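Student: Have a look at the structure that comes next, please.
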Amino acid sequence: MPFQPVKFYQTGTFTVGNRLLAPEERTVQANMQRTNGLNSGHRACQGCGEALGARYAIDAAMRACNNQLVAANATGCLEVFSTPYPETSWQIPWIHSLFGNTAAVATGIAAALKVKGRREVRVVAQGGDGGTTDIGFGCLSGMFERNDDVLYICYDNEAYMNTGVQRSSATPPAARTATTMPVGVEPGNVFGQGKNVPQIAMAHNIPYVATATVADLHDLEYKVTKAMGMHGARYIHIFVPCPLGWGAASNDTIKLARLARETGLFAVYEAEHGEVTSVSKIRKRVPVEEYLKLQKRFVHLFGKTPATETIARIQAMADRNIRKFGLLEEEGV
Amino acid sequence: MEKPFAITLDVGSSLANHTGSWRTKRPLYVDRLPPCNNACPAGENIQGWLFHAEAGNYEAAWRVLVQDNPMPAVMGRVCYHPCESSCNRGQFDEAVGINSVERFLGDEAIKQGWKFDAPPKASGKKVLIVGAGPSGLSAAYHLARLGHQVTIFEAGPFAGGMMRFGIPKYRLPREVLEAEIKRILDMGVVLKLNSRVDNILDSMKSAGFDAAFLAVGAHIGKRTFIPAGSAAKVLDAVGVLHSMEGEEKPMLGRRVVVYGGGNTAIDVARTAKRLGATEAIIVYRRTREKMPAHDFEVEEALQEGILIKWLSTIKQVSDAGALTIEKMALDDKGFPQPTGEFETLESDSLVLALGQDVDLSLLNGVPGLEIKDGVVQVSPALMTGYPGIFAGGDMVPSERTVTVAVGHGKKAARNIDAWLLGSSYEAAPKHELANYEKLNPWYYNDAPKTMRPMLETLRRQSTFDEVQGGLDESSAQFEARRCMSCGNCFECDNCYGVCPDNAVIKLGPGKRFEFNLDYCKGCGICVSECPCGAIKMVPEEV
Ligand SMILES: Cc1cc2nc3c(=O)[nH]c(=O)nc-3n(C[C@H](O)[C@H](O)[C@H](O)COP(=O)(O)OP(=O)(O)OC[C@H]3O[C@@H](n4cnc5c(N)ncnc54)[C@H](O)[C@@H]3O)c2cc1C
Ligand SMILES: Cc1ncc(C[n+]2csc(CCOP(=O)(O)OP(=O)(O)O)c2C)c(N)n1
Ligand code: SF4
Ligand SMILES: [Mg+2]
C-alpha cells in the first residue's frame, strides 16, 4: 500500500503541513518541535537539494527511533558542508568514514551495538551517488548480502559535486559535467548502459528498497518511517537536485525533483524482498524538455538547432520507465 | 577538558556560522490582493472569510464578512458575483462557489441568531438617510458602527427598496430580507416608513441633521412611444413588480408580452408565468449575446417556458392587444436595423421593461448639484456638489446592482464619518494583485464545484417558492476549501518545510511564520513553493 494522499482539503497532503489536516496526517517537517537533525549554519550552497533531503530523511528516522540514531557518512558534499572542523551541523552521533567504505563502517557500528546489547540504537549510512554507485559499491553490496541491520540512504545528485562536478555512474546521458564536456559527436555524458542501484539493491532481495524525491515529502517520510520499522539491510535512494552542478536556479530545486518524477525520468517506487510493492503514479505527465530546459548541463541540447534526436532518446528513457514501472494512472489503451 | 590525540578544539555547533551573510535577496511575507476581493463591489474580504469557513468557524467567517456587507443572506441570493468571474480557481478547474458559501453563512447567521457587535460610544452626530434600499441600509449600518445616530426616511410602507419591490420572492424570500434588515435596525437605526422626503434641505434642517446620504434608487419606468389603441393594456415593469407586494396582484391575462432585455424583463416574465399566464413572451430588439440580462437568468427563464423573440421591435398595439412586430437584423457594427418585415402577436397585456429613471424632485432648489444623464454626479467620496449631502446606489452613475449599492453605502459612510470630523477619508493602499501567475497550482487538488439544488420546473411555473436552494454544511465547507487562498498565507507549512537551511520559524497556529535571517541564504525555494503566492523576494540592501 503506497502513501495514501488525502484529497479535497484545499491542498490535501501535497503540502508539508496544512492546518486543516489532523496533526498525525501532517509531516514530521511540519512540526514545530522537529529535531532539525541537520542544523542551520551548514555550508551547503543556496537551494541545496542534498541538505534538504538529508534533513527530511534524518528527522523522520529520528522520530521513528526516538532519536536513538547513529550515522556513518561517506565523503562528499553532505559531509564537507556539515562538518568543517570543529563545527558540526549534526544533532546525532555521526561518524565520517572514507569515500568508499561507509556501508562497511555502518556494518561495524551495527555489530558493535549488537555486542553491547544496545538494540534500541539504530544505524544509518549515508552517501552521495559517487560514494554509493561507484567507489562504495562493493561495501554496499556486501552489506546487502549479509543483510546487516543498516538503513543506507543515497542522496543522488547525479555527479561528484564536492570535487567539482565530475561524472559518476549515476550521471544521466547527455549531461555536461567537468569530465563530460559538450563537445564531439555525442556531446555531454555518453548513452551508456546505466547503473540503476535501487534495482541492483532489489536483486539482493533485501527487506526494503525505495526511491523518493525531495518534491514529495509525505512519500519520503513514509518510506523512511517504514524502513526504520524493519531490521536488516534497507536502501533508500533519494533524488536531490543540485543547483550548482546542474546549472539550475536555486529556487528550482523542488520543481526539478517534481519534474523528474512527472516526466518519468526518475521512477518513484518501493520494493520488499525484491518485489515492487507500490509505485507513485505520475500526476500530470510532462515531456522531458520541460525538465531539461531548466538546467545548463543540458543547454547544448537546445539553442538554435535543438538536438531533437538526443532529446528523443532521453524521452524514450522516460517512456521506458513509465512502461516498466506502470507510472501512469490508466495503463494500456 | 582533556582532549583526545590530535584534537585541539572543542566541538562547536554550526549555528555559530551565520550563513545569512551570503544573501543578496531576501524573502518577504506579503499579503497580496486576491482577485475575488478586488472584484467585489462591496469590498468584501472574501478570501478572509472563506479562510474561517474552511476550518468550520462559520461565525468567525460571518463576522469577517459583515465588516463590509451586512446582508450576506441577501447577497448569497441576488448578487451577480463578479468575484466568481475573476476567481483564480476558474483557471484551474472552476471558480469557487463564493456566492453559495456566502448564502450558507447568511442563512446560518439567521438560524443561529448571530447579532452584530454593539456600536461604539455615540459620536453625537446625526445623519439622515433617504431611502431604505440596499444602499441606504448599508450606509445606516456602517454609520451606526462608527457611532453616529442614523435616521432613515423611507417613502414606502416597507424597507428594502428594489430588493422588496423589484426582485421577486422566488429569488429572494421576504423573511430572509426582513431578518437581515431587522438586524441592522437592532443596532439603534431609526426607520421612518411612509415618510417621503420632498425637499432634502428642509428635512435636514427640521431635525438638525449634520449630513445626509441620499439613496432613492431609480423607480420611474422608462417609456417609449408606441402608438396604442385606447383600450390596450400597457403597463410598466417596476409598477407590476411593485404591486406584487400589495394585496391586489396585477391582472396580466393569459398572453403576456414583455418588452425589453434586462433583468427586469426576465423577472416580470417569470412573474407573469407564475401568476397563471399560459404564455409569457419577451420581445427584444437584439440577440441573446447582446442581452443585458445575465445568461443564467435567461436560461432559468427558458427552463420555465418563457418564450423569447429576438431581433424584434414593437411598432404598434391595437385596441384588442394585437402587437405589430418588426423583425430586425444586426448591421456590421452589431446594431439592430429594421428590415421592413412585420408580423402580428396577440396579447392580453404588454409590459414595458425598458429601464428606470431617477425621481430627483427632492433635490429641487439645492444649489451646486450637477445632474447628467438623469443621475446625480458625485465626487470620488460620493459627495454631491452640495457639501454634506452624499448620494449612492442607482441614483448616481453606477452599474445598478444591489452589491454596488451596498458598496456605495459603505464608502459613503466612511466619507461622511470623515467629513463630520472635518477630515477626509483615505482608503488603505491596495495590495499588489495575486494573479494566477503568482500561484503554484501544483499543490491544489482537483475538486469540481458544488452545485446548488434547483426547485423542480413544475413548481417554478406555478408558485413563488424559492428557485435556488442552499448548500448544506458539509458542501458549503467543501466549497470553501476549494479556495486557493490567493496571495494570503493559509498555513500549509510549505515554506517551513522546504527551506534547506531551517531558516523559517513556525510561530504556531494562526500566527503564521517568520524568517530567520541569520541563516536564510536567499535561495528562494520558499517563494517558488508557496502555493498561494504569499512570499516574494526583495533585493538585499547593500
Ligand atoms: C426587477 C429588478 C430586479 C433586480 N434584480 C437584481 C439582482 O438580482 N441583483 C442585483 O444585484 N440587482 C438587481 N436589481 C438592481 C437593484 O435592485 C438595484 O440596483 C438596487 O436595489 C439599488 O439600490 P438603491 O438603494 O440605490 O435603491 P432602491 O433599492 O431602489 O431603494 C431606494 C429606496 O428609496 C425610497 N425612496 C425613493 N424616493 C424617496 C424619497 N423621496 N423619500 C424617501 N424615500 C424614497 C424608495 O421607496 C426605495 O425604498 C434589480 C432591479 C430590478 C428593478
Ligand atoms: C578515495 C577517494 N577518492 C577521491 C576522493 C575525493 N572526493 C571527495 S568527495 C568526492 C565526490 C563525492 O561525490 P558524491 O559521492 O556523488 O557526493 P556529492 O559530493 O555529489 O554529494 C570525491 C571524488 C576521496 N575523498 N577519496
Ligand atoms: S481561489 Fe479563493 S482567494 Fe482565489 S480568487 Fe477564488 S475565492 Fe478568491
Ligand atoms: Mg553526487
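In the C-alpha cells, each chain is lettered A, B, ... as it comes, each chain's residues begin at 1, and ligands are numbered from 1 in order of appearance.
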For the alpha helix (DSSP H) assignment from backbone DSSP, which residues of region 220-375 of chain B qualify? Please present them as a list in words.
Tutor: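 Taking region 220-375 of chain B and keeping alpha helix (DSSP H) gives Ala237, Val238, Gly239, Val240, Leu241, His242, Ser243, Asn263, Thr264, Ala265, Ile266, Asp267, Val268, Ala269, Arg270, Thr271, Ala272, Lys273, Arg274, Asp295, Phe296, Glu297, Val298, Glu299, Glu300, Ala301, Leu302 and Gln303 of chain B.
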Student: Can you tell me which residues surround Thr324 (chain B) at a distance of at most 10 Å, considering only C-alpha atoms, apart from same-chain residues fewer than 6 positions away, and format the answer as a ChimeraX atom specification?
Tutor: /B:312-318,342-346
Student: Please produce a file of the residues just selected, as a CSV table (one decimal), in the first residue's frame, where the atoms kept are N, CA, C and O atoms.
Tutor:
```csv
chain,number,residue,atom,x,y,z
B,312,SER,N,-36.5,41.8,-32.5
B,312,SER,CA,-37.9,42.2,-32.8
B,312,SER,C,-38.2,43.5,-32.0
B,312,SER,O,-37.8,43.7,-30.9
B,313,THR,N,-38.9,44.4,-32.7
B,313,THR,CA,-39.3,45.6,-32.0
B,313,THR,C,-40.9,45.7,-32.2
B,313,THR,O,-41.4,45.1,-33.1
B,314,ILE,N,-41.5,46.4,-31.2
B,314,ILE,CA,-42.9,46.5,-31.2
B,314,ILE,C,-43.3,47.9,-31.8
B,314,ILE,O,-42.8,48.9,-31.4
B,315,LYS,N,-44.1,47.9,-32.9
B,315,LYS,CA,-44.4,49.1,-33.6
B,315,LYS,C,-45.7,49.7,-33.2
B,315,LYS,O,-45.9,50.9,-33.3
B,316,GLN,N,-46.6,48.9,-32.9
B,316,GLN,CA,-48.0,49.3,-32.7
B,316,GLN,C,-48.8,48.3,-31.8
B,316,GLN,O,-48.5,47.2,-31.8
B,317,VAL,N,-49.7,48.9,-31.0
B,317,VAL,CA,-50.6,48.0,-30.3
B,317,VAL,C,-52.0,48.3,-30.6
B,317,VAL,O,-52.4,49.5,-30.6
B,318,SER,N,-52.8,47.4,-31.0
B,318,SER,CA,-54.2,47.7,-31.3
B,318,SER,C,-55.1,47.6,-30.1
B,318,SER,O,-54.6,47.2,-29.0
B,342,PHE,N,-42.9,42.4,-41.1
B,342,PHE,CA,-43.7,42.6,-40.0
B,342,PHE,C,-44.5,41.3,-39.7
B,342,PHE,O,-44.7,40.5,-40.5
B,343,GLU,N,-44.9,41.2,-38.4
B,343,GLU,CA,-45.8,40.1,-38.0
B,343,GLU,C,-46.7,40.5,-36.9
B,343,GLU,O,-46.4,41.6,-36.3
B,344,THR,N,-47.7,39.8,-36.6
B,344,THR,CA,-48.6,40.2,-35.5
B,344,THR,C,-48.5,39.2,-34.4
B,344,THR,O,-48.4,38.0,-34.6
B,345,LEU,N,-48.6,39.8,-33.2
B,345,LEU,CA,-48.5,38.9,-32.0
B,345,LEU,C,-49.7,39.3,-31.1
B,345,LEU,O,-49.9,40.5,-30.8
B,346,GLU,N,-50.6,38.3,-30.8
B,346,GLU,CA,-51.8,38.6,-29.9
B,346,GLU,C,-51.3,38.7,-28.5
B,346,GLU,O,-50.4,38.0,-28.1
```
Student: Considering only C-alpha atoms, return as a PyMOL selection string whatever protein or nucleic-acid residues lie within 8 Å of Lys192 (chain B), sequence-local ones (same chain, fewer than 2 positions apart) excluded.
Tutor: chain B and resi 151-154+190+194-195
Student: Neighbours of ligand 2 at 10 Å or closer, counting only C-alpha atoms and all ligand atoms: which residues, as an mmCIF file with N, CA and C atoms, in the first residue's frame?
Tutor:
```
data_model
loop_
_atom_site.group_PDB
_atom_site.id
_atom_site.type_symbol
_atom_site.label_atom_id
_atom_site.label_comp_id
_atom_site.auth_asym_id
_atom_site.auth_seq_id
_atom_site.Cartn_x
_atom_site.Cartn_y
_atom_site.Cartn_z
ATOM 1 N N GLY A 49 19.635 20.654 -2.647
ATOM 2 C CA GLY A 49 18.671 19.566 -2.522
ATOM 3 C C GLY A 49 19.150 18.481 -1.576
ATOM 4 N N GLU A 50 20.467 18.307 -1.506
ATOM 5 C CA GLU A 50 21.010 17.258 -0.647
ATOM 6 C C GLU A 50 20.816 17.608 0.835
ATOM 7 N N ALA A 51 21.056 18.880 1.189
ATOM 8 C CA ALA A 51 20.847 19.312 2.574
ATOM 9 C C ALA A 51 19.387 19.115 2.966
ATOM 10 N N ALA A 74 29.653 8.962 4.183
ATOM 11 C CA ALA A 74 30.746 8.915 3.214
ATOM 12 C C ALA A 74 31.267 10.321 2.940
ATOM 13 N N THR A 75 32.456 10.429 2.433
ATOM 14 C CA THR A 75 32.976 11.710 1.972
ATOM 15 C C THR A 75 32.086 12.208 0.842
ATOM 16 N N GLY A 76 31.940 13.512 0.758
ATOM 17 C CA GLY A 76 31.077 14.095 -0.260
ATOM 18 C C GLY A 76 30.555 15.411 0.276
ATOM 19 N N CYS A 77 29.774 16.087 -0.537
ATOM 20 C CA CYS A 77 29.259 17.393 -0.107
ATOM 21 C C CYS A 77 28.625 17.320 1.276
ATOM 22 N N LEU A 78 27.759 16.341 1.465
ATOM 23 C CA LEU A 78 26.999 16.268 2.711
ATOM 24 C C LEU A 78 27.927 16.266 3.921
ATOM 25 N N GLU A 79 29.017 15.553 3.795
ATOM 26 C CA GLU A 79 29.991 15.510 4.894
ATOM 27 C C GLU A 79 30.747 16.837 4.999
ATOM 28 N N VAL A 80 31.197 17.346 3.866
ATOM 29 C CA VAL A 80 32.045 18.535 3.885
ATOM 30 C C VAL A 80 31.280 19.780 4.360
ATOM 31 N N PHE A 81 30.075 19.943 3.850
ATOM 32 C CA PHE A 81 29.376 21.188 4.212
ATOM 33 C C PHE A 81 28.802 21.153 5.622
ATOM 34 N N SER A 97 33.344 8.456 7.537
ATOM 35 C CA SER A 97 34.160 7.331 7.093
ATOM 36 C C SER A 97 35.050 7.811 5.948
ATOM 37 N N LEU A 98 35.444 6.891 5.107
ATOM 38 C CA LEU A 98 36.144 7.282 3.881
ATOM 39 C C LEU A 98 35.118 7.469 2.782
ATOM 40 N N PHE A 99 35.603 7.803 1.595
ATOM 41 C CA PHE A 99 34.698 7.986 0.454
ATOM 42 C C PHE A 99 33.993 6.665 0.114
ATOM 43 N N GLY A 100 34.727 5.550 0.235
ATOM 44 C CA GLY A 100 34.171 4.315 -0.310
ATOM 45 C C GLY A 100 33.717 3.271 0.685
ATOM 46 N N ASN A 101 33.846 3.526 2.006
ATOM 47 C CA ASN A 101 33.594 2.413 2.922
ATOM 48 C C ASN A 101 32.463 2.647 3.921
ATOM 49 N N GLN A 126 24.990 7.061 5.091
ATOM 50 C CA GLN A 126 24.559 7.944 4.016
ATOM 51 C C GLN A 126 25.736 8.382 3.166
ATOM 52 N N GLY A 127 25.413 8.570 1.882
ATOM 53 C CA GLY A 127 26.460 8.972 0.964
ATOM 54 C C GLY A 127 25.867 9.527 -0.307
ATOM 55 N N GLY A 128 26.724 10.129 -1.115
ATOM 56 C CA GLY A 128 26.278 10.645 -2.399
ATOM 57 C C GLY A 128 26.219 9.546 -3.435
ATOM 58 N N ASP A 129 25.872 9.902 -4.651
ATOM 59 C CA ASP A 129 25.790 8.890 -5.704
ATOM 60 C C ASP A 129 27.175 8.334 -6.018
ATOM 61 N N GLY A 130 28.191 9.211 -5.982
ATOM 62 C CA GLY A 130 29.553 8.721 -6.243
ATOM 63 C C GLY A 130 29.968 7.710 -5.194
ATOM 64 N N GLY A 131 29.780 8.080 -3.938
ATOM 65 C CA GLY A 131 30.152 7.207 -2.835
ATOM 66 C C GLY A 131 29.331 5.930 -2.796
ATOM 67 N N THR A 132 28.204 5.912 -3.454
ATOM 68 C CA THR A 132 27.310 4.758 -3.389
ATOM 69 C C THR A 132 27.399 3.894 -4.643
ATOM 70 N N THR A 133 27.214 4.542 -5.790
ATOM 71 C CA THR A 133 27.100 3.741 -7.005
ATOM 72 C C THR A 133 28.469 3.421 -7.618
ATOM 73 N N ASP A 134 29.502 4.206 -7.223
ATOM 74 C CA ASP A 134 30.840 3.936 -7.758
ATOM 75 C C ASP A 134 31.745 3.306 -6.697
ATOM 76 N N ILE A 135 32.436 4.184 -5.967
ATOM 77 C CA ILE A 135 33.520 3.677 -5.131
ATOM 78 C C ILE A 135 33.030 2.857 -3.941
ATOM 79 N N GLY A 136 31.840 3.144 -3.430
ATOM 80 C CA GLY A 136 31.379 2.413 -2.243
ATOM 81 C C GLY A 136 30.560 1.184 -2.585
ATOM 82 N N CYS A 154 21.087 6.886 -0.029
ATOM 83 C CA CYS A 154 21.904 7.505 -1.067
ATOM 84 C C CYS A 154 21.240 8.803 -1.504
ATOM 85 N N TYR A 155 21.988 9.907 -1.454
ATOM 86 C CA TYR A 155 21.488 11.202 -1.941
ATOM 87 C C TYR A 155 22.045 11.397 -3.336
ATOM 88 N N ASP A 156 21.185 11.206 -4.302
ATOM 89 C CA ASP A 156 21.630 11.173 -5.693
ATOM 90 C C ASP A 156 21.503 12.544 -6.351
ATOM 91 N N ASN A 157 22.648 13.217 -6.531
ATOM 92 C CA ASN A 157 22.630 14.478 -7.285
ATOM 93 C C ASN A 157 23.342 14.310 -8.630
ATOM 94 N N GLU A 158 23.539 13.065 -9.020
ATOM 95 C CA GLU A 158 23.933 12.703 -10.378
ATOM 96 C C GLU A 158 25.331 13.152 -10.793
ATOM 97 N N ALA A 159 26.215 13.365 -9.844
ATOM 98 C CA ALA A 159 27.635 13.604 -10.171
ATOM 99 C C ALA A 159 28.448 13.741 -8.888
ATOM 100 N N TYR A 160 29.753 13.830 -9.048
ATOM 101 C CA TYR A 160 30.668 14.076 -7.928
ATOM 102 C C TYR A 160 30.679 15.581 -7.706
ATOM 103 N N MET A 161 29.782 16.075 -6.901
ATOM 104 C CA MET A 161 29.634 17.521 -6.780
ATOM 105 C C MET A 161 30.733 18.127 -5.923
ATOM 106 N N ASN A 162 31.102 17.425 -4.890
ATOM 107 C CA ASN A 162 32.025 18.003 -3.922
ATOM 108 C C ASN A 162 33.378 18.342 -4.516
ATOM 109 N N THR A 163 33.794 17.580 -5.499
ATOM 110 C CA THR A 163 35.116 17.832 -6.085
ATOM 111 C C THR A 163 35.032 18.603 -7.389
ATOM 112 N N GLY A 164 33.865 19.104 -7.717
ATOM 113 C CA GLY A 164 33.767 19.965 -8.891
ATOM 114 C C GLY A 164 33.023 19.359 -10.058
ATOM 115 N N VAL A 165 31.986 18.604 -9.779
ATOM 116 C CA VAL A 165 31.045 18.114 -10.795
ATOM 117 C C VAL A 165 31.710 17.183 -11.816
ATOM 118 N N GLN A 166 32.280 16.078 -11.327
ATOM 119 C CA GLN A 166 32.752 15.068 -12.273
ATOM 120 C C GLN A 166 31.652 14.012 -12.453
ATOM 121 N N ARG A 167 31.719 13.348 -13.575
ATOM 122 C CA ARG A 167 30.725 12.328 -13.910
ATOM 123 C C ARG A 167 30.783 11.166 -12.908
ATOM 124 N N SER A 168 29.600 10.622 -12.573
ATOM 125 C CA SER A 168 29.543 9.368 -11.815
ATOM 126 C C SER A 168 28.732 8.384 -12.644
ATOM 127 N N SER A 169 28.584 7.163 -12.157
ATOM 128 C CA SER A 169 27.765 6.208 -12.909
ATOM 129 C C SER A 169 26.276 6.529 -12.779
ATOM 130 N N ALA A 170 25.945 7.567 -11.981
ATOM 131 C CA ALA A 170 24.549 7.997 -11.905
ATOM 132 C C ALA A 170 24.291 9.236 -12.752
ATOM 133 N N THR A 171 25.316 9.745 -13.431
ATOM 134 C CA THR A 171 25.117 10.922 -14.290
ATOM 135 C C THR A 171 24.289 10.522 -15.508
ATOM 136 N N VAL A 240 18.045 14.232 -5.355
ATOM 137 C CA VAL A 240 18.255 15.564 -4.775
ATOM 138 C C VAL A 240 18.928 16.501 -5.784
ATOM 139 N N CYS A 242 20.841 19.503 -7.647
ATOM 140 C CA CYS A 242 21.997 20.286 -7.223
ATOM 141 C C CYS A 242 22.063 21.542 -8.081
ATOM 142 N N GLY A 245 25.743 22.223 -9.586
ATOM 143 C CA GLY A 245 26.245 21.227 -10.531
ATOM 144 C C GLY A 245 25.386 21.093 -11.775
#
```
Student: Find the residue from B:Glu341, B:Glu2, B:Glu437, B:Asp10 that sits nearest to chain A; use only C-alpha atoms when measuring.
Tutor: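 Closest to chain A, using only C-alpha atoms: B:Asp10.
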Student: Hey, what's within 10 Å of Ala329 (chain B) if we count only C-alpha atoms and toss same-chain stuff fewer than 5 positions away? As a VMD selection string, please?
Tutor: chain B and resid 285 to 287 310 to 312 334 to 339
Student: Would you save the residues from that selection as an mmCIF file, in the first residue's frame, using N, CA and C atoms?
Tutor:
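Okay, selection_6.cif is ready:
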```
data_model
loop_
_atom_site.group_PDB
_atom_site.id
_atom_site.type_symbol
_atom_site.label_atom_id
_atom_site.label_comp_id
_atom_site.auth_asym_id
_atom_site.auth_seq_id
_atom_site.Cartn_x
_atom_site.Cartn_y
_atom_site.Cartn_z
ATOM 1 N N ARG B 285 -35.043 43.575 -28.985
ATOM 2 C CA ARG B 285 -34.659 44.007 -30.332
ATOM 3 C C ARG B 285 -33.306 43.474 -30.792
ATOM 4 N N ARG B 286 -32.515 42.942 -29.855
ATOM 5 C CA ARG B 286 -31.206 42.427 -30.289
ATOM 6 C C ARG B 286 -31.121 40.906 -30.069
ATOM 7 N N THR B 287 -29.905 40.387 -29.992
ATOM 8 C CA THR B 287 -29.748 38.932 -29.871
ATOM 9 C C THR B 287 -29.447 38.538 -28.426
ATOM 10 N N TRP B 310 -36.191 37.168 -30.339
ATOM 11 C CA TRP B 310 -35.015 38.003 -30.520
ATOM 12 C C TRP B 310 -35.201 38.896 -31.732
ATOM 13 N N LEU B 311 -34.398 39.916 -31.837
ATOM 14 C CA LEU B 311 -34.368 40.794 -33.009
ATOM 15 C C LEU B 311 -35.763 41.248 -33.432
ATOM 16 N N SER B 312 -36.505 41.770 -32.461
ATOM 17 C CA SER B 312 -37.870 42.200 -32.767
ATOM 18 C C SER B 312 -38.183 43.499 -32.029
ATOM 19 N N GLY B 334 -23.116 45.673 -35.293
ATOM 20 C CA GLY B 334 -23.838 44.930 -34.251
ATOM 21 C C GLY B 334 -25.077 45.662 -33.755
ATOM 22 N N PHE B 335 -25.469 46.755 -34.452
ATOM 23 C CA PHE B 335 -26.693 47.438 -34.054
ATOM 24 C C PHE B 335 -27.875 46.872 -34.825
ATOM 25 N N PRO B 336 -29.054 46.778 -34.148
ATOM 26 C CA PRO B 336 -30.227 46.232 -34.851
ATOM 27 C C PRO B 336 -30.800 47.271 -35.817
ATOM 28 N N GLN B 337 -31.096 46.849 -37.028
ATOM 29 C CA GLN B 337 -31.695 47.734 -38.027
ATOM 30 C C GLN B 337 -33.003 47.126 -38.523
ATOM 31 N N PRO B 338 -34.005 47.995 -38.777
ATOM 32 C CA PRO B 338 -35.316 47.481 -39.239
ATOM 33 C C PRO B 338 -35.195 46.788 -40.604
ATOM 34 N N THR B 339 -36.018 45.755 -40.798
ATOM 35 C CA THR B 339 -35.950 45.020 -42.065
ATOM 36 C C THR B 339 -37.168 45.271 -42.939
#
```
Student: Going by DSSP on the backbone, which bits of region 203-307 of chain A are strand (DSSP E or B)? Write them as a short mmCIF file (atom, residue, chain, number, x, y, z; two decimals) with N, CA, C and O atoms, in the first residue's frame, please.
Tutor:
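Printed below is states-v1.cif as written:
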```
data_model
loop_
_atom_site.label_atom_id
_atom_site.label_comp_id
_atom_site.auth_asym_id
_atom_site.auth_seq_id
_atom_site.Cartn_x
_atom_site.Cartn_y
_atom_site.Cartn_z
N TYR A 208 13.97 -4.19 2.21
CA TYR A 208 13.29 -2.97 1.75
C TYR A 208 14.18 -2.14 0.85
O TYR A 208 15.35 -1.87 1.18
N VAL A 209 13.63 -1.72 -0.27
CA VAL A 209 14.28 -0.78 -1.18
C VAL A 209 13.24 0.25 -1.57
O VAL A 209 12.08 -0.10 -1.84
N ALA A 210 13.62 1.52 -1.58
CA ALA A 210 12.67 2.55 -2.03
C ALA A 210 13.40 3.67 -2.73
O ALA A 210 14.58 3.92 -2.46
N THR A 211 12.70 4.35 -3.62
CA THR A 211 13.20 5.59 -4.20
C THR A 211 12.27 6.71 -3.76
O THR A 211 11.09 6.47 -3.46
N ALA A 212 12.78 7.93 -3.73
CA ALA A 212 11.99 9.08 -3.29
C ALA A 212 12.62 10.34 -3.86
O ALA A 212 13.74 10.30 -4.38
N THR A 213 11.91 11.46 -3.76
CA THR A 213 12.48 12.74 -4.18
C THR A 213 12.18 13.78 -3.11
O THR A 213 11.27 13.59 -2.30
N ARG A 234 18.50 -2.23 4.45
CA ARG A 234 17.46 -1.46 3.76
C ARG A 234 18.13 -0.34 2.98
O ARG A 234 19.17 0.18 3.41
N TYR A 235 17.54 0.02 1.87
CA TYR A 235 18.17 1.01 0.98
C TYR A 235 17.14 2.01 0.49
O TYR A 235 16.08 1.62 -0.02
N ILE A 236 17.42 3.29 0.67
CA ILE A 236 16.55 4.34 0.12
C ILE A 236 17.40 5.27 -0.75
O ILE A 236 18.45 5.75 -0.32
N HIS A 237 16.93 5.50 -1.94
CA HIS A 237 17.65 6.30 -2.94
C HIS A 237 16.84 7.57 -3.16
O HIS A 237 15.73 7.53 -3.69
N ILE A 238 17.41 8.70 -2.71
CA ILE A 238 16.65 9.95 -2.77
C ILE A 238 17.22 10.87 -3.86
O ILE A 238 18.42 11.15 -3.89
N PHE A 239 16.35 11.32 -4.71
CA PHE A 239 16.73 12.21 -5.82
C PHE A 239 16.82 13.65 -5.30
O PHE A 239 15.83 14.21 -4.84
N TYR A 269 9.24 4.40 -6.39
CA TYR A 269 8.56 3.15 -6.05
C TYR A 269 9.16 2.57 -4.79
O TYR A 269 10.14 3.09 -4.24
N GLU A 270 8.61 1.48 -4.32
CA GLU A 270 9.20 0.76 -3.19
C GLU A 270 9.10 -0.73 -3.46
O GLU A 270 8.25 -1.19 -4.22
N ALA A 271 10.00 -1.48 -2.83
CA ALA A 271 10.06 -2.92 -3.08
C ALA A 271 10.41 -3.63 -1.78
O ALA A 271 11.20 -3.12 -0.98
N GLU A 272 9.81 -4.79 -1.57
CA GLU A 272 10.15 -5.60 -0.40
C GLU A 272 10.63 -6.96 -0.90
O GLU A 272 9.99 -7.58 -1.75
N GLU A 275 10.62 -7.50 -4.59
CA GLU A 275 9.41 -7.32 -5.39
C GLU A 275 8.88 -5.90 -5.22
O GLU A 275 8.73 -5.42 -4.09
N VAL A 276 8.54 -5.27 -6.35
CA VAL A 276 7.96 -3.92 -6.27
C VAL A 276 6.60 -4.02 -5.59
O VAL A 276 5.76 -4.83 -5.98
N THR A 277 6.39 -3.22 -4.55
CA THR A 277 5.10 -3.27 -3.84
C THR A 277 4.23 -2.06 -4.13
O THR A 277 3.02 -2.11 -3.97
N SER A 278 4.82 -0.95 -4.51
CA SER A 278 3.98 0.19 -4.92
C SER A 278 4.79 1.16 -5.78
O SER A 278 6.01 1.27 -5.62
N VAL A 279 4.09 1.87 -6.65
CA VAL A 279 4.74 2.92 -7.42
C VAL A 279 3.94 4.21 -7.26
O VAL A 279 2.73 4.17 -7.07
#
```
